[in-house]
Amino acid sequence: MCSACRGPIEADMGLRRGFADTSFGQIHFRTAGEGRAGVPLVMFHGSPGSSFSLYPLVERLGQKRRVIAPDTPGNGDSTPHPKAAPEILDLALAHAEAIATLGFGKVDLYGFHTGASIAIELSLQRPGLVRRMILDGCSLFDPGDSEHLLNHDHAPVMAADLDGTQLLRAWHMVRDAHVFWPWWGREKTHLRGIGLPSPDYLHQETLEVLKALQTYDRSYRAALRYRKKDRLPRVAVPTLCAAAPNDMLLPYLDAVAVLIPGAEKARTPANVTVPAEDIAGTAEIFEQFLEK
């Protein structure tokens, strides 16, 4: 475990870090609740960042159980997947390797946005591994919706140049994602109405993209290609579908829940990736589901 490598915000939350070996490299993770009994919870982050975006929820849920929040391959501090264009299946199997390395027998899963797609596929590929699953903000894009986002460079390929333009490009993308949906839509109708987090938070969030500048977009693109309508009816583990009032994917909540046999549904009071929000009520909903 590495405690010295924690960022200043995470250090205040008491999170630690570690790495799990896989066949192609290492999966980096943030963790809390080491030594606690019960089924571990593995939490998959959204795009375009890393498990940093989940640190308040990791800390809160880690008060009762072991929580592991890995960076998806090619994001944050995790080794990129060897495929130049990995699919959600590839990313899910990579996480399955990391979970096996950590020695976990049975786990619960949580997935936010892109992480929800990974959780779905992992539950299908390793049904004996997964006990319960939370999908927090799960989209159900039609192919045309995905193409629209990709055609507008929703997950832009970036590279370093001698003028350092990548620094501002990454900053603006991360910042504007808090203001607009989609992040490049500048009209009033695209305003999210949640305001901006602190400069320190934006700085750390942007660093998570910059450290994986040449590969951060791959999981994002994989999520946009993933066709959940065919996969959701096959989910066979107890599942909670959730979304917060200011989550841009809230409109899909009902449709996603209907497709999963026996799924429960919850409108959570707070978006766990919005730093200014009090996540206590949301965490309690998740805890109640996981403790069943």
# chains A, B, ... in the order shown; residues from 1 in each chain; ligands from 1

$ closest_atom_pairs --of "segment 123-206 of chain A" --to "segment 96-116 of chain A" --cutoff "6 Å" --atoms "only C-alpha atoms" --output "JSON lines"
{"residue": "A:Leu129", "atom": "CA", "partner": "A:Lys106", "partner_atom": "CA", "distance": 4.9}
{"residue": "A:Val130", "atom": "CA", "partner": "A:Val107", "partner_atom": "CA", "distance": 5.2}
{"residue": "A:Arg131", "atom": "CA", "partner": "A:Asp108", "partner_atom": "CA", "distance": 5.3}
{"residue": "A:Arg132", "atom": "CA", "partner": "A:Asp108", "partner_atom": "CA", "distance": 4.9}
{"residue": "A:Met133", "atom": "CA", "partner": "A:Leu109", "partner_atom": "CA", "distance": 4.6}
{"residue": "A:Ile134", "atom": "CA", "partner": "A:Tyr110", "partner_atom": "CA", "distance": 4.6}
{"residue": "A:Leu135", "atom": "CA", "partner": "A:Gly111", "partner_atom": "CA", "distance": 5.2}
{"residue": "A:Asp136", "atom": "CA", "partner": "A:Phe112", "partner_atom": "CA", "distance": 4.8}
{"residue": "A:Gly137", "atom": "CA", "partner": "A:His113", "partner_atom": "CA", "distance": 5.3}
{"residue": "A:Cys138", "atom": "CA", "partner": "A:His113", "partner_atom": "CA", "distance": 5.3}

$ residues_around --residues "Val67 of chain A" --least-positions-apart "3" --cutoff "12 Å" --atoms "only C-alpha atoms" --output "PDB file with C-alpha atoms, in the first residue's frame"
ATOM      1  CA  LEU A  15      -7.806   6.802   1.696  1.00  0.00           C
ATOM      2  CA  ARG A  16      -4.888   4.583   0.800  1.00  0.00           C
ATOM      3  CA  ARG A  17      -3.713   3.242  -2.540  1.00  0.00           C
ATOM      4  CA  PHE A  29      -6.810   1.396  -6.832  1.00  0.00           C
ATOM      5  CA  ARG A  30      -7.920   3.577  -3.958  1.00  0.00           C
ATOM      6  CA  THR A  31      -9.148   1.780  -0.876  1.00  0.00           C
ATOM      7  CA  ALA A  32     -10.750   2.227   2.527  1.00  0.00           C
ATOM      8  CA  GLY A  33     -11.956  -0.067   5.276  1.00  0.00           C
ATOM      9  CA  GLU A  34      -9.002  -2.437   5.238  1.00  0.00           C
ATOM     10  CA  GLY A  35      -9.479  -5.272   7.678  1.00  0.00           C
ATOM     11  CA  ARG A  36     -13.238  -4.844   7.888  1.00  0.00           C
ATOM     12  CA  ALA A  37     -15.348  -7.977   7.650  1.00  0.00           C
ATOM     13  CA  GLY A  38     -17.994  -8.680   5.047  1.00  0.00           C
ATOM     14  CA  VAL A  39     -18.168  -8.831   1.284  1.00  0.00           C
ATOM     15  CA  PRO A  40     -15.782  -6.306  -0.326  1.00  0.00           C
ATOM     16  CA  LEU A  41     -17.267  -3.594  -2.526  1.00  0.00           C
ATOM     17  CA  VAL A  42     -15.518  -2.885  -5.838  1.00  0.00           C
ATOM     18  CA  MET A  43     -16.379   0.540  -7.286  1.00  0.00           C
ATOM     19  CA  PHE A  44     -15.894   1.475 -10.951  1.00  0.00           C
ATOM     20  CA  SER A  51     -11.349   6.571  -9.082  1.00  0.00           C
ATOM     21  CA  LEU A  54     -15.413   8.535  -6.139  1.00  0.00           C
ATOM     22  CA  TYR A  55     -13.228   9.262  -3.117  1.00  0.00           C
ATOM     23  CA  PRO A  56     -15.960  10.742  -0.852  1.00  0.00           C
ATOM     24  CA  LEU A  57     -18.158   7.686  -1.376  1.00  0.00           C
ATOM     25  CA  VAL A  58     -15.217   5.298  -0.994  1.00  0.00           C
ATOM     26  CA  GLU A  59     -14.407   6.889   2.355  1.00  0.00           C
ATOM     27  CA  ARG A  60     -18.025   6.840   3.557  1.00  0.00           C
ATOM     28  CA  LEU A  61     -18.807   3.254   2.541  1.00  0.00           C
ATOM     29  CA  GLY A  62     -15.397   2.158   3.814  1.00  0.00           C
ATOM     30  CA  GLN A  63     -16.530   2.927   7.353  1.00  0.00           C
ATOM     31  CA  LYS A  64     -18.480  -0.344   7.333  1.00  0.00           C
ATOM     32  CA  PRO A  70      -9.745   0.728  -9.234  1.00  0.00           C
ATOM     33  CA  ILE A  99     -10.011  -8.825  -8.223  1.00  0.00           C
ATOM     34  CA  PHE A 104     -11.450 -11.759  -3.197  1.00  0.00           C
ATOM     35  CA  VAL A 107     -17.680  -9.101  -4.219  1.00  0.00           C
ATOM     36  CA  ASP A 108     -20.377  -6.471  -4.539  1.00  0.00           C
ATOM     37  CA  LEU A 109     -20.116  -4.068  -7.471  1.00  0.00           C
ATOM     38  CA  TYR A 110     -20.838  -0.362  -7.881  1.00  0.00           C
TER      39      TYR A 110
END

$ residues_around --residues "Ile260 of chain A" --least-positions-apart "5" --cutoff "8 Å" --atoms "only C-alpha atoms" --output "PyMOL selection string"
chain A and resi 232-235+239

$ write_last_selection --atoms "N, CA and C atoms" --output "short mmCIF file (atom, residue, chain, number, x, y, z; two decimals), in the first residue's frame"
data_model
loop_
_atom_site.label_atom_id
_atom_site.label_comp_id
_atom_site.auth_asym_id
_atom_site.auth_seq_id
_atom_site.Cartn_x
_atom_site.Cartn_y
_atom_site.Cartn_z
N LEU A 232 -28.68 -6.02 -20.50
CA LEU A 232 -29.38 -5.83 -19.23
C LEU A 232 -30.37 -6.95 -18.90
N PRO A 233 -31.15 -7.47 -19.86
CA PRO A 233 -32.10 -8.54 -19.52
C PRO A 233 -31.41 -9.82 -19.05
N ARG A 234 -30.11 -9.95 -19.27
CA ARG A 234 -29.38 -11.15 -18.87
C ARG A 234 -28.79 -11.04 -17.46
N VAL A 235 -28.86 -9.87 -16.87
CA VAL A 235 -28.31 -9.68 -15.53
C VAL A 235 -29.06 -10.57 -14.54
N THR A 239 -29.88 -6.23 -8.25
CA THR A 239 -29.35 -4.97 -8.77
C THR A 239 -30.19 -3.79 -8.31
#

$ select_by_dssp --residues "segment 51-115 of chain A" --states "strand (DSSP E or B)" --output "ChimeraX atom specification"
/A:67-70,107-112

$ closest_residue --among "A:Ser146, A:Thr79, A:Ser123, A:Ser50" --to "Ala222 of chain A" --atoms "only C-alpha atoms"
A:Ser146

$ closest_residue --among "A:Arg126, A:Lys228, A:Arg218, A:Arg186" --to "Asn75 of chain A" --atoms "only C-alpha atoms"
A:Arg218

$ residues_around --residues "segment 170-175 of chain A" --least-positions-apart "2" --cutoff "8 Å" --atoms "only C-alpha atoms" --output "PyMOL selection string"
chain A and resi 166-168+177-179+183-184+196+202-203+205-206+209-210

$ write_last_selection --atoms "N, CA and C atoms" --output "mmCIF file, in the first residue's frame"
data_model
loop_
_atom_site.group_PDB
_atom_site.id
_atom_site.type_symbol
_atom_site.label_atom_id
_atom_site.label_comp_id
_atom_site.auth_asym_id
_atom_site.auth_seq_id
_atom_site.Cartn_x
_atom_site.Cartn_y
_atom_site.Cartn_z
ATOM 1 N N GLN A 166 -2.275 20.868 -24.585
ATOM 2 C CA GLN A 166 -3.019 19.769 -23.961
ATOM 3 C C GLN A 166 -3.439 20.119 -22.531
ATOM 4 N N LEU A 167 -2.666 20.979 -21.877
ATOM 5 C CA LEU A 167 -2.979 21.346 -20.496
ATOM 6 C C LEU A 167 -4.311 22.092 -20.419
ATOM 7 N N LEU A 168 -4.487 23.049 -21.326
ATOM 8 C CA LEU A 168 -5.735 23.809 -21.346
ATOM 9 C C LEU A 168 -6.885 22.994 -21.910
ATOM 10 N N ALA A 177 -17.427 20.006 -18.127
ATOM 11 C CA ALA A 177 -18.304 18.869 -17.841
ATOM 12 C C ALA A 177 -19.133 19.110 -16.584
ATOM 13 N N HIS A 178 -18.677 19.998 -15.712
ATOM 14 C CA HIS A 178 -19.464 20.359 -14.530
ATOM 15 C C HIS A 178 -20.544 21.388 -14.872
ATOM 16 N N VAL A 179 -20.370 22.074 -15.986
ATOM 17 C CA VAL A 179 -21.272 23.167 -16.345
ATOM 18 C C VAL A 179 -22.322 22.738 -17.363
ATOM 19 N N TRP A 183 -20.461 18.243 -22.495
ATOM 20 C CA TRP A 183 -19.534 19.274 -22.026
ATOM 21 C C TRP A 183 -19.223 20.309 -23.091
ATOM 22 N N TRP A 184 -19.388 19.943 -24.373
ATOM 23 C CA TRP A 184 -19.087 20.871 -25.470
ATOM 24 C C TRP A 184 -20.331 21.647 -25.918
ATOM 25 N N LEU A 196 -19.510 25.073 -10.207
ATOM 26 C CA LEU A 196 -18.166 24.511 -10.309
ATOM 27 C C LEU A 196 -17.637 24.093 -8.946
ATOM 28 N N LEU A 202 -10.775 20.815 -9.193
ATOM 29 C CA LEU A 202 -10.641 20.793 -10.652
ATOM 30 C C LEU A 202 -9.214 20.472 -11.069
ATOM 31 N N HIS A 203 -8.249 21.019 -10.342
ATOM 32 C CA HIS A 203 -6.842 20.750 -10.636
ATOM 33 C C HIS A 203 -6.551 19.258 -10.518
ATOM 34 N N GLU A 205 -8.675 16.766 -10.542
ATOM 35 C CA GLU A 205 -9.468 16.026 -11.524
ATOM 36 C C GLU A 205 -8.815 16.093 -12.906
ATOM 37 N N THR A 206 -8.282 17.264 -13.250
ATOM 38 C CA THR A 206 -7.604 17.414 -14.539
ATOM 39 C C THR A 206 -6.313 16.613 -14.579
ATOM 40 N N VAL A 209 -6.759 13.120 -15.715
ATOM 41 C CA VAL A 209 -6.847 12.971 -17.173
ATOM 42 C C VAL A 209 -5.472 13.117 -17.807
ATOM 43 N N LEU A 210 -4.710 14.110 -17.371
ATOM 44 C CA LEU A 210 -3.410 14.376 -17.982
ATOM 45 C C LEU A 210 -2.437 13.214 -17.817
#

$ residues_around --residues "Arg267 of chain A" --least-positions-apart "3" --cutoff "7 Å" --atoms "only C-alpha atoms" --output "list of chain:residue names"
A:Ala242, A:Ala243, A:Ala244

$ write_last_selection --atoms "C-alpha atoms" --output "PDB file, in the first residue's frame"
ATOM      1  CA  ALA A 242     -29.989   4.652  -9.033  1.00  0.00           C
ATOM      2  CA  ALA A 243     -29.565   8.227 -10.201  1.00  0.00           C
ATOM      3  CA  ALA A 244     -29.457  11.673  -8.615  1.00  0.00           C
TER       4      ALA A 244
END

$ select_by_dssp --residues "segment 89-216 of chain A" --states "helix (DSSP H, G or I)" --output "PyMOL selection string"
chain A and resi 89-101+114-125+143-151+165-179+188-190+199-210+216

$ write_last_selection --atoms "C-alpha atoms" --output "short mmCIF file (atom, residue, chain, number, x, y, z; two decimals), in the first residue's frame"
data_model
loop_
_atom_site.label_atom_id
_atom_site.label_comp_id
_atom_site.auth_asym_id
_atom_site.auth_seq_id
_atom_site.Cartn_x
_atom_site.Cartn_y
_atom_site.Cartn_z
CA LEU A 89 -15.79 -6.73 -22.23
CA ASP A 90 -12.00 -6.30 -22.28
CA LEU A 91 -12.08 -3.79 -19.44
CA ALA A 92 -14.41 -5.95 -17.35
CA LEU A 93 -12.15 -8.98 -17.73
CA ALA A 94 -9.13 -6.86 -16.78
CA HIS A 95 -10.87 -5.86 -13.56
CA ALA A 96 -11.75 -9.51 -12.96
CA GLU A 97 -8.03 -10.29 -13.10
CA ALA A 98 -7.28 -7.57 -10.56
CA ILE A 99 -10.01 -8.83 -8.22
CA ALA A 100 -8.55 -12.33 -8.44
CA THR A 101 -5.07 -10.98 -7.67
CA THR A 114 -18.90 4.18 -17.72
CA GLY A 115 -18.30 2.15 -14.58
CA ALA A 116 -21.92 0.95 -14.72
CA SER A 117 -21.26 -0.58 -18.14
CA ILE A 118 -18.18 -2.34 -16.78
CA ALA A 119 -20.11 -3.62 -13.76
CA ILE A 120 -22.89 -4.99 -15.96
CA GLU A 121 -20.48 -6.89 -18.17
CA LEU A 122 -18.44 -8.20 -15.26
CA SER A 123 -21.60 -9.55 -13.62
CA LEU A 124 -22.39 -11.41 -16.86
CA GLN A 125 -18.88 -12.75 -17.39
CA PRO A 143 -26.78 4.00 -31.62
CA GLY A 144 -27.65 7.42 -33.03
CA ASP A 145 -27.11 9.09 -29.65
CA SER A 146 -23.69 7.50 -29.30
CA GLU A 147 -22.72 8.47 -32.83
CA HIS A 148 -23.79 12.04 -32.16
CA LEU A 149 -21.51 12.26 -29.13
CA LEU A 150 -18.58 10.62 -30.89
CA ASN A 151 -19.02 12.81 -33.98
CA THR A 165 -2.07 23.15 -25.43
CA GLN A 166 -3.02 19.77 -23.96
CA LEU A 167 -2.98 21.35 -20.50
CA LEU A 168 -5.73 23.81 -21.35
CA ARG A 169 -7.69 21.33 -23.47
CA ALA A 170 -7.87 18.86 -20.61
CA TRP A 171 -8.69 21.61 -18.09
CA HIS A 172 -11.51 23.03 -20.21
CA MET A 173 -13.02 19.60 -20.87
CA VAL A 174 -13.01 18.69 -17.18
CA ARG A 175 -14.26 22.10 -16.06
CA ASP A 176 -17.00 22.35 -18.68
CA ALA A 177 -18.30 18.87 -17.84
CA HIS A 178 -19.46 20.36 -14.53
CA VAL A 179 -21.27 23.17 -16.34
CA LYS A 188 -28.35 27.61 -22.23
CA THR A 189 -30.36 24.43 -22.73
CA HIS A 190 -27.23 22.38 -21.95
CA PRO A 199 -10.05 25.14 -8.09
CA ASP A 200 -8.10 22.53 -6.11
CA TYR A 201 -10.63 19.85 -6.96
CA LEU A 202 -10.64 20.79 -10.65
CA HIS A 203 -6.84 20.75 -10.64
CA GLN A 204 -6.72 17.23 -9.20
CA GLU A 205 -9.47 16.03 -11.52
CA THR A 206 -7.60 17.41 -14.54
CA LEU A 207 -4.35 15.78 -13.42
CA GLU A 208 -6.14 12.42 -13.48
CA VAL A 209 -6.85 12.97 -17.17
CA LEU A 210 -3.41 14.38 -17.98
CA TYR A 216 -8.01 8.23 -21.16
#

$ closest_residue --among "A:Phe24, A:Tyr220, A:Tyr226, A:Phe289" --to "Phe141 of chain A" --atoms "only C-alpha atoms"
A:Tyr226

$ decode --residues "segment 57-199 of chain A" --atoms "C-alpha atoms" --output "PDB file, in the first residue's frame"
ATOM      1  CA  LEU A  57     -18.158   7.686  -1.376  1.00  0.00           C
ATOM      2  CA  VAL A  58     -15.217   5.298  -0.994  1.00  0.00           C
ATOM      3  CA  GLU A  59     -14.407   6.889   2.355  1.00  0.00           C
ATOM      4  CA  ARG A  60     -18.025   6.840   3.557  1.00  0.00           C
ATOM      5  CA  LEU A  61     -18.807   3.254   2.541  1.00  0.00           C
ATOM      6  CA  GLY A  62     -15.397   2.158   3.814  1.00  0.00           C
ATOM      7  CA  GLN A  63     -16.530   2.927   7.353  1.00  0.00           C
ATOM      8  CA  LYS A  64     -18.480  -0.344   7.333  1.00  0.00           C
ATOM      9  CA  ARG A  65     -16.710  -2.585   4.813  1.00  0.00           C
ATOM     10  CA  ARG A  66     -13.649  -3.030   2.638  1.00  0.00           C
ATOM     11  CA  VAL A  67     -13.940  -0.845  -0.458  1.00  0.00           C
ATOM     12  CA  ILE A  68     -11.703  -1.006  -3.530  1.00  0.00           C
ATOM     13  CA  ALA A  69     -12.012   1.616  -6.290  1.00  0.00           C
ATOM     14  CA  PRO A  70      -9.745   0.728  -9.234  1.00  0.00           C
ATOM     15  CA  ASP A  71      -8.716   2.976 -12.085  1.00  0.00           C
ATOM     16  CA  THR A  72      -9.930   1.412 -15.318  1.00  0.00           C
ATOM     17  CA  PRO A  73      -7.076   0.333 -17.650  1.00  0.00           C
ATOM     18  CA  GLY A  74      -5.820   3.406 -19.488  1.00  0.00           C
ATOM     19  CA  ASN A  75      -7.263   5.786 -16.881  1.00  0.00           C
ATOM     20  CA  GLY A  76      -5.571   7.388 -13.893  1.00  0.00           C
ATOM     21  CA  ASP A  77      -2.568   5.335 -12.806  1.00  0.00           C
ATOM     22  CA  SER A  78      -3.590   1.989 -14.321  1.00  0.00           C
ATOM     23  CA  THR A  79      -1.678   0.410 -17.197  1.00  0.00           C
ATOM     24  CA  PRO A  80      -3.516   0.803 -20.524  1.00  0.00           C
ATOM     25  CA  HIS A  81      -5.177  -2.267 -21.982  1.00  0.00           C
ATOM     26  CA  PRO A  82      -2.991  -3.765 -24.740  1.00  0.00           C
ATOM     27  CA  LYS A  83      -5.785  -3.330 -27.291  1.00  0.00           C
ATOM     28  CA  ALA A  84      -5.784   0.069 -28.975  1.00  0.00           C
ATOM     29  CA  ALA A  85      -9.585   0.133 -28.861  1.00  0.00           C
ATOM     30  CA  PRO A  86     -10.695  -2.092 -25.972  1.00  0.00           C
ATOM     31  CA  GLU A  87     -14.353  -2.888 -25.552  1.00  0.00           C
ATOM     32  CA  ILE A  88     -16.255  -2.945 -22.265  1.00  0.00           C
ATOM     33  CA  LEU A  89     -15.790  -6.727 -22.226  1.00  0.00           C
ATOM     34  CA  ASP A  90     -11.997  -6.304 -22.279  1.00  0.00           C
ATOM     35  CA  LEU A  91     -12.082  -3.787 -19.445  1.00  0.00           C
ATOM     36  CA  ALA A  92     -14.413  -5.948 -17.351  1.00  0.00           C
ATOM     37  CA  LEU A  93     -12.146  -8.977 -17.728  1.00  0.00           C
ATOM     38  CA  ALA A  94      -9.132  -6.862 -16.779  1.00  0.00           C
ATOM     39  CA  HIS A  95     -10.868  -5.862 -13.564  1.00  0.00           C
ATOM     40  CA  ALA A  96     -11.754  -9.515 -12.957  1.00  0.00           C
ATOM     41  CA  GLU A  97      -8.025 -10.287 -13.100  1.00  0.00           C
ATOM     42  CA  ALA A  98      -7.280  -7.573 -10.560  1.00  0.00           C
ATOM     43  CA  ILE A  99     -10.011  -8.825  -8.223  1.00  0.00           C
ATOM     44  CA  ALA A 100      -8.552 -12.330  -8.437  1.00  0.00           C
ATOM     45  CA  THR A 101      -5.070 -10.975  -7.669  1.00  0.00           C
ATOM     46  CA  LEU A 102      -6.443  -9.315  -4.543  1.00  0.00           C
ATOM     47  CA  GLY A 103      -7.782 -12.676  -3.416  1.00  0.00           C
ATOM     48  CA  PHE A 104     -11.450 -11.759  -3.197  1.00  0.00           C
ATOM     49  CA  GLY A 105     -13.920 -14.619  -3.527  1.00  0.00           C
ATOM     50  CA  LYS A 106     -17.275 -12.854  -3.659  1.00  0.00           C
ATOM     51  CA  VAL A 107     -17.680  -9.101  -4.219  1.00  0.00           C
ATOM     52  CA  ASP A 108     -20.377  -6.471  -4.539  1.00  0.00           C
ATOM     53  CA  LEU A 109     -20.116  -4.068  -7.471  1.00  0.00           C
ATOM     54  CA  TYR A 110     -20.838  -0.362  -7.881  1.00  0.00           C
ATOM     55  CA  GLY A 111     -20.574   1.414 -11.222  1.00  0.00           C
ATOM     56  CA  PHE A 112     -20.981   5.089 -12.090  1.00  0.00           C
ATOM     57  CA  HIS A 113     -21.680   5.961 -15.754  1.00  0.00           C
ATOM     58  CA  THR A 114     -18.897   4.181 -17.717  1.00  0.00           C
ATOM     59  CA  GLY A 115     -18.299   2.146 -14.578  1.00  0.00           C
ATOM     60  CA  ALA A 116     -21.915   0.954 -14.718  1.00  0.00           C
ATOM     61  CA  SER A 117     -21.264  -0.582 -18.137  1.00  0.00           C
ATOM     62  CA  ILE A 118     -18.179  -2.337 -16.776  1.00  0.00           C
ATOM     63  CA  ALA A 119     -20.107  -3.624 -13.758  1.00  0.00           C
ATOM     64  CA  ILE A 120     -22.894  -4.985 -15.961  1.00  0.00           C
ATOM     65  CA  GLU A 121     -20.485  -6.892 -18.172  1.00  0.00           C
ATOM     66  CA  LEU A 122     -18.439  -8.199 -15.264  1.00  0.00           C
ATOM     67  CA  SER A 123     -21.597  -9.552 -13.620  1.00  0.00           C
ATOM     68  CA  LEU A 124     -22.386 -11.405 -16.859  1.00  0.00           C
ATOM     69  CA  GLN A 125     -18.884 -12.746 -17.390  1.00  0.00           C
ATOM     70  CA  ARG A 126     -18.304 -13.760 -13.762  1.00  0.00           C
ATOM     71  CA  PRO A 127     -21.753 -14.419 -12.252  1.00  0.00           C
ATOM     72  CA  GLY A 128     -20.268 -16.504  -9.450  1.00  0.00           C
ATOM     73  CA  LEU A 129     -18.076 -13.586  -8.406  1.00  0.00           C
ATOM     74  CA  VAL A 130     -20.764 -10.939  -7.957  1.00  0.00           C
ATOM     75  CA  ARG A 131     -23.230 -10.924  -5.036  1.00  0.00           C
ATOM     76  CA  ARG A 132     -25.062  -7.590  -5.487  1.00  0.00           C
ATOM     77  CA  MET A 133     -24.666  -4.665  -7.900  1.00  0.00           C
ATOM     78  CA  ILE A 134     -25.418  -0.931  -7.897  1.00  0.00           C
ATOM     79  CA  LEU A 135     -25.722   0.943 -11.197  1.00  0.00           C
ATOM     80  CA  ASP A 136     -25.489   4.669 -10.454  1.00  0.00           C
ATOM     81  CA  GLY A 137     -26.360   6.748 -13.501  1.00  0.00           C
ATOM     82  CA  CYS A 138     -26.695   4.179 -16.269  1.00  0.00           C
ATOM     83  CA  SER A 139     -27.343   5.374 -19.817  1.00  0.00           C
ATOM     84  CA  LEU A 140     -29.358   3.619 -22.479  1.00  0.00           C
ATOM     85  CA  PHE A 141     -28.176   5.441 -25.573  1.00  0.00           C
ATOM     86  CA  ASP A 142     -29.494   4.521 -28.984  1.00  0.00           C
ATOM     87  CA  PRO A 143     -26.779   4.001 -31.623  1.00  0.00           C
ATOM     88  CA  GLY A 144     -27.651   7.417 -33.032  1.00  0.00           C
ATOM     89  CA  ASP A 145     -27.107   9.087 -29.650  1.00  0.00           C
ATOM     90  CA  SER A 146     -23.685   7.498 -29.300  1.00  0.00           C
ATOM     91  CA  GLU A 147     -22.717   8.465 -32.826  1.00  0.00           C
ATOM     92  CA  HIS A 148     -23.794  12.043 -32.160  1.00  0.00           C
ATOM     93  CA  LEU A 149     -21.510  12.263 -29.129  1.00  0.00           C
ATOM     94  CA  LEU A 150     -18.585  10.625 -30.893  1.00  0.00           C
ATOM     95  CA  ASN A 151     -19.016  12.813 -33.982  1.00  0.00           C
ATOM     96  CA  HIS A 152     -18.778  15.885 -31.744  1.00  0.00           C
ATOM     97  CA  ASP A 153     -15.499  14.625 -30.285  1.00  0.00           C
ATOM     98  CA  HIS A 154     -17.046  13.895 -26.907  1.00  0.00           C
ATOM     99  CA  ALA A 155     -13.928  11.938 -25.917  1.00  0.00           C
ATOM    100  CA  PRO A 156     -11.244  13.859 -27.818  1.00  0.00           C
ATOM    101  CA  VAL A 157      -7.915  12.255 -28.572  1.00  0.00           C
ATOM    102  CA  MET A 158      -5.209  14.466 -27.061  1.00  0.00           C
ATOM    103  CA  ALA A 159      -1.454  14.560 -27.356  1.00  0.00           C
ATOM    104  CA  ALA A 160       1.251  16.690 -25.787  1.00  0.00           C
ATOM    105  CA  ASP A 161       2.763  19.453 -27.901  1.00  0.00           C
ATOM    106  CA  LEU A 162       5.523  22.009 -27.399  1.00  0.00           C
ATOM    107  CA  ASP A 163       3.012  24.775 -26.706  1.00  0.00           C
ATOM    108  CA  GLY A 164       1.389  22.764 -23.927  1.00  0.00           C
ATOM    109  CA  THR A 165      -2.068  23.155 -25.427  1.00  0.00           C
ATOM    110  CA  GLN A 166      -3.019  19.769 -23.961  1.00  0.00           C
ATOM    111  CA  LEU A 167      -2.979  21.346 -20.496  1.00  0.00           C
ATOM    112  CA  LEU A 168      -5.735  23.809 -21.346  1.00  0.00           C
ATOM    113  CA  ARG A 169      -7.687  21.330 -23.475  1.00  0.00           C
ATOM    114  CA  ALA A 170      -7.866  18.864 -20.606  1.00  0.00           C
ATOM    115  CA  TRP A 171      -8.693  21.614 -18.089  1.00  0.00           C
ATOM    116  CA  HIS A 172     -11.511  23.026 -20.214  1.00  0.00           C
ATOM    117  CA  MET A 173     -13.021  19.599 -20.866  1.00  0.00           C
ATOM    118  CA  VAL A 174     -13.008  18.689 -17.178  1.00  0.00           C
ATOM    119  CA  ARG A 175     -14.261  22.100 -16.062  1.00  0.00           C
ATOM    120  CA  ASP A 176     -16.995  22.351 -18.675  1.00  0.00           C
ATOM    121  CA  ALA A 177     -18.304  18.869 -17.841  1.00  0.00           C
ATOM    122  CA  HIS A 178     -19.464  20.359 -14.530  1.00  0.00           C
ATOM    123  CA  VAL A 179     -21.272  23.167 -16.345  1.00  0.00           C
ATOM    124  CA  PHE A 180     -22.779  21.612 -19.479  1.00  0.00           C
ATOM    125  CA  TRP A 181     -24.136  18.316 -20.766  1.00  0.00           C
ATOM    126  CA  PRO A 182     -22.645  17.414 -23.089  1.00  0.00           C
ATOM    127  CA  TRP A 183     -19.534  19.274 -22.026  1.00  0.00           C
ATOM    128  CA  TRP A 184     -19.087  20.871 -25.470  1.00  0.00           C
ATOM    129  CA  GLY A 185     -22.697  22.108 -25.647  1.00  0.00           C
ATOM    130  CA  ARG A 186     -22.479  25.799 -24.759  1.00  0.00           C
ATOM    131  CA  GLU A 187     -26.139  26.763 -25.202  1.00  0.00           C
ATOM    132  CA  LYS A 188     -28.348  27.609 -22.229  1.00  0.00           C
ATOM    133  CA  THR A 189     -30.358  24.429 -22.729  1.00  0.00           C
ATOM    134  CA  HIS A 190     -27.227  22.385 -21.952  1.00  0.00           C
ATOM    135  CA  LEU A 191     -26.577  23.968 -18.534  1.00  0.00           C
ATOM    136  CA  ARG A 192     -26.441  21.444 -15.673  1.00  0.00           C
ATOM    137  CA  GLY A 193     -27.033  23.992 -12.920  1.00  0.00           C
ATOM    138  CA  ILE A 194     -24.645  22.470 -10.382  1.00  0.00           C
ATOM    139  CA  GLY A 195     -21.898  25.103 -10.431  1.00  0.00           C
ATOM    140  CA  LEU A 196     -18.166  24.511 -10.309  1.00  0.00           C
ATOM    141  CA  PRO A 197     -16.163  22.675  -7.662  1.00  0.00           C
ATOM    142  CA  SER A 198     -13.151  24.320  -6.020  1.00  0.00           C
ATOM    143  CA  PRO A 199     -10.052  25.141  -8.090  1.00  0.00           C
TER     144      PRO A 199
END
